[in-house]
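Reviewing the structure listed below.
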Amino acid sequence: MKKIMQGIGSLLIVFAIADFGLSYMGYNLTPFLPDGISRFSPIIIGLIGGALVKVDWK
C-alpha cells in the first residue's frame with residue numbers, strides 16, 4: 001500500500017510541475033476546473049501529491 005500511494009503522489013507532483021511549466025506555453029492541462037481554481041491547480045495538485053508521498057502508510 002505504501003509504494004502504491006507514494007507512486008500516485010509522485011505522479012501528482014510530476015503532473016503539477018508539468019501543469020505549471022506548460023501554463024507558460026499557453027497550454028491548460030486542467031480545463032475542466034473553473035478559471036479561479038485552474039490558476040492554482042499546480043499548487044493544489046502538488047500539495048496533494050506531497051502529502052501522499054510524506055504520509056506514513058502502514
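Ordering of the C-alpha cells sets the chain letters (A, B, ...); residue numbers start at 1 within each chain; ligands are numbered from 1 in the order shown.
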
When you look at stretch 40-53 of chain A with a cut-off of 8 Å (counting only C-alpha atoms), what residues show up, excluding the ones that are within fewer than 5 positions of it in the same chain? I need them as an MDAnalysis selection string.
chainID A and resid 5:13 15:17 19:20 30

For those residues, write N, CA and C atoms to a file as a PDB file, in the first residue's frame.
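Full text of again.pdb as output:
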```pdb
ATOM      1  N   MET A   5       0.733   4.303  -2.912  1.00  0.00           N
ATOM      2  CA  MET A   5       0.364   5.682  -2.586  1.00  0.00           C
ATOM      3  C   MET A   5       1.513   6.644  -2.854  1.00  0.00           C
ATOM      4  N   GLN A   6       2.746   6.219  -2.596  1.00  0.00           N
ATOM      5  CA  GLN A   6       3.886   7.073  -2.909  1.00  0.00           C
ATOM      6  C   GLN A   6       4.041   7.231  -4.413  1.00  0.00           C
ATOM      7  N   GLY A   7       3.737   6.188  -5.166  1.00  0.00           N
ATOM      8  CA  GLY A   7       3.789   6.276  -6.622  1.00  0.00           C
ATOM      9  C   GLY A   7       2.745   7.237  -7.161  1.00  0.00           C
ATOM     10  N   ILE A   8       1.535   7.156  -6.623  1.00  0.00           N
ATOM     11  CA  ILE A   8       0.474   8.081  -7.034  1.00  0.00           C
ATOM     12  C   ILE A   8       0.849   9.511  -6.659  1.00  0.00           C
ATOM     13  N   GLY A   9       1.394   9.689  -5.475  1.00  0.00           N
ATOM     14  CA  GLY A   9       1.827  11.019  -5.042  1.00  0.00           C
ATOM     15  C   GLY A   9       2.916  11.576  -5.937  1.00  0.00           C
ATOM     16  N   SER A  10       3.856  10.725  -6.316  1.00  0.00           N
ATOM     17  CA  SER A  10       4.928  11.162  -7.213  1.00  0.00           C
ATOM     18  C   SER A  10       4.383  11.561  -8.577  1.00  0.00           C
ATOM     19  N   LEU A  11       3.418  10.803  -9.077  1.00  0.00           N
ATOM     20  CA  LEU A  11       2.801  11.151 -10.358  1.00  0.00           C
ATOM     21  C   LEU A  11       2.059  12.483 -10.277  1.00  0.00           C
ATOM     22  N   LEU A  12       1.410  12.732  -9.157  1.00  0.00           N
ATOM     23  CA  LEU A  12       0.721  14.009  -8.989  1.00  0.00           C
ATOM     24  C   LEU A  12       1.707  15.169  -8.939  1.00  0.00           C
ATOM     25  N   ILE A  13       2.850  14.963  -8.311  1.00  0.00           N
ATOM     26  CA  ILE A  13       3.863  16.013  -8.256  1.00  0.00           C
ATOM     27  C   ILE A  13       4.412  16.286  -9.660  1.00  0.00           C
ATOM     28  N   PHE A  15       2.829  15.767 -12.471  1.00  0.00           N
ATOM     29  CA  PHE A  15       1.750  16.428 -13.198  1.00  0.00           C
ATOM     30  C   PHE A  15       1.671  17.903 -12.820  1.00  0.00           C
ATOM     31  N   ALA A  16       1.844  18.224 -11.544  1.00  0.00           N
ATOM     32  CA  ALA A  16       1.791  19.612 -11.096  1.00  0.00           C
ATOM     33  C   ALA A  16       2.919  20.429 -11.713  1.00  0.00           C
ATOM     34  N   ILE A  17       4.113  19.844 -11.781  1.00  0.00           N
ATOM     35  CA  ILE A  17       5.242  20.542 -12.393  1.00  0.00           C
ATOM     36  C   ILE A  17       4.995  20.753 -13.883  1.00  0.00           C
ATOM     37  N   ASP A  19       2.026  20.910 -15.344  1.00  0.00           N
ATOM     38  CA  ASP A  19       0.943  21.888 -15.458  1.00  0.00           C
ATOM     39  C   ASP A  19       1.485  23.301 -15.285  1.00  0.00           C
ATOM     40  N   PHE A  20       2.365  23.483 -14.332  1.00  0.00           N
ATOM     41  CA  PHE A  20       2.957  24.797 -14.096  1.00  0.00           C
ATOM     42  C   PHE A  20       3.801  25.242 -15.291  1.00  0.00           C
ATOM     43  N   THR A  30      -5.749  21.580 -17.088  1.00  0.00           N
ATOM     44  CA  THR A  30      -6.931  21.409 -16.245  1.00  0.00           C
ATOM     45  C   THR A  30      -8.081  22.287 -16.740  1.00  0.00           C
TER      46      THR A  30
END
```

Which residues in chain A does DSSP call alpha helix (DSSP H)? List them as an MDAnalysis selection string.
chainID A and resid 2:23 35:38 41:54

Export, as an mmCIF file, in the first residue's frame, the selected residues with C-alpha atoms.
```
data_model
loop_
_atom_site.group_PDB
_atom_site.id
_atom_site.type_symbol
_atom_site.label_atom_id
_atom_site.label_comp_id
_atom_site.auth_asym_id
_atom_site.auth_seq_id
_atom_site.Cartn_x
_atom_site.Cartn_y
_atom_site.Cartn_z
ATOM 1 C CA LYS A 2 2.825 2.386 0.878
ATOM 2 C CA LYS A 3 4.560 2.007 -2.501
ATOM 3 C CA ILE A 4 1.307 2.483 -4.417
ATOM 4 C CA MET A 5 0.364 5.682 -2.586
ATOM 5 C CA GLN A 6 3.886 7.073 -2.909
ATOM 6 C CA GLY A 7 3.789 6.276 -6.622
ATOM 7 C CA ILE A 8 0.474 8.081 -7.034
ATOM 8 C CA GLY A 9 1.827 11.019 -5.042
ATOM 9 C CA SER A 10 4.928 11.162 -7.213
ATOM 10 C CA LEU A 11 2.801 11.151 -10.358
ATOM 11 C CA LEU A 12 0.721 14.009 -8.989
ATOM 12 C CA ILE A 13 3.863 16.013 -8.256
ATOM 13 C CA VAL A 14 5.158 15.420 -11.804
ATOM 14 C CA PHE A 15 1.750 16.428 -13.198
ATOM 15 C CA ALA A 16 1.791 19.612 -11.096
ATOM 16 C CA ILE A 17 5.242 20.542 -12.393
ATOM 17 C CA ALA A 18 4.132 19.854 -15.967
ATOM 18 C CA ASP A 19 0.943 21.888 -15.458
ATOM 19 C CA PHE A 20 2.957 24.797 -14.096
ATOM 20 C CA GLY A 21 5.518 24.706 -16.897
ATOM 21 C CA LEU A 22 3.040 24.242 -19.714
ATOM 22 C CA SER A 23 0.831 27.065 -18.450
ATOM 23 C CA ASP A 35 -10.888 29.647 -14.078
ATOM 24 C CA GLY A 36 -10.232 30.756 -10.491
ATOM 25 C CA ILE A 37 -9.266 27.273 -9.342
ATOM 26 C CA SER A 38 -7.411 26.419 -12.545
ATOM 27 C CA SER A 41 -4.198 23.821 -9.733
ATOM 28 C CA PRO A 42 -0.416 23.155 -9.824
ATOM 29 C CA ILE A 43 -0.144 24.228 -6.192
ATOM 30 C CA ILE A 44 -3.174 22.210 -5.095
ATOM 31 C CA ILE A 45 -2.183 19.078 -7.020
ATOM 32 C CA GLY A 46 1.430 19.367 -5.845
ATOM 33 C CA LEU A 47 0.374 19.663 -2.206
ATOM 34 C CA ILE A 48 -1.888 16.616 -2.502
ATOM 35 C CA GLY A 49 0.938 14.651 -4.138
ATOM 36 C CA GLY A 50 3.395 15.764 -1.480
ATOM 37 C CA ALA A 51 1.012 14.713 1.261
ATOM 38 C CA LEU A 52 0.598 11.259 -0.294
ATOM 39 C CA VAL A 53 4.362 10.827 -0.524
ATOM 40 C CA LYS A 54 5.020 12.044 3.003
#
```
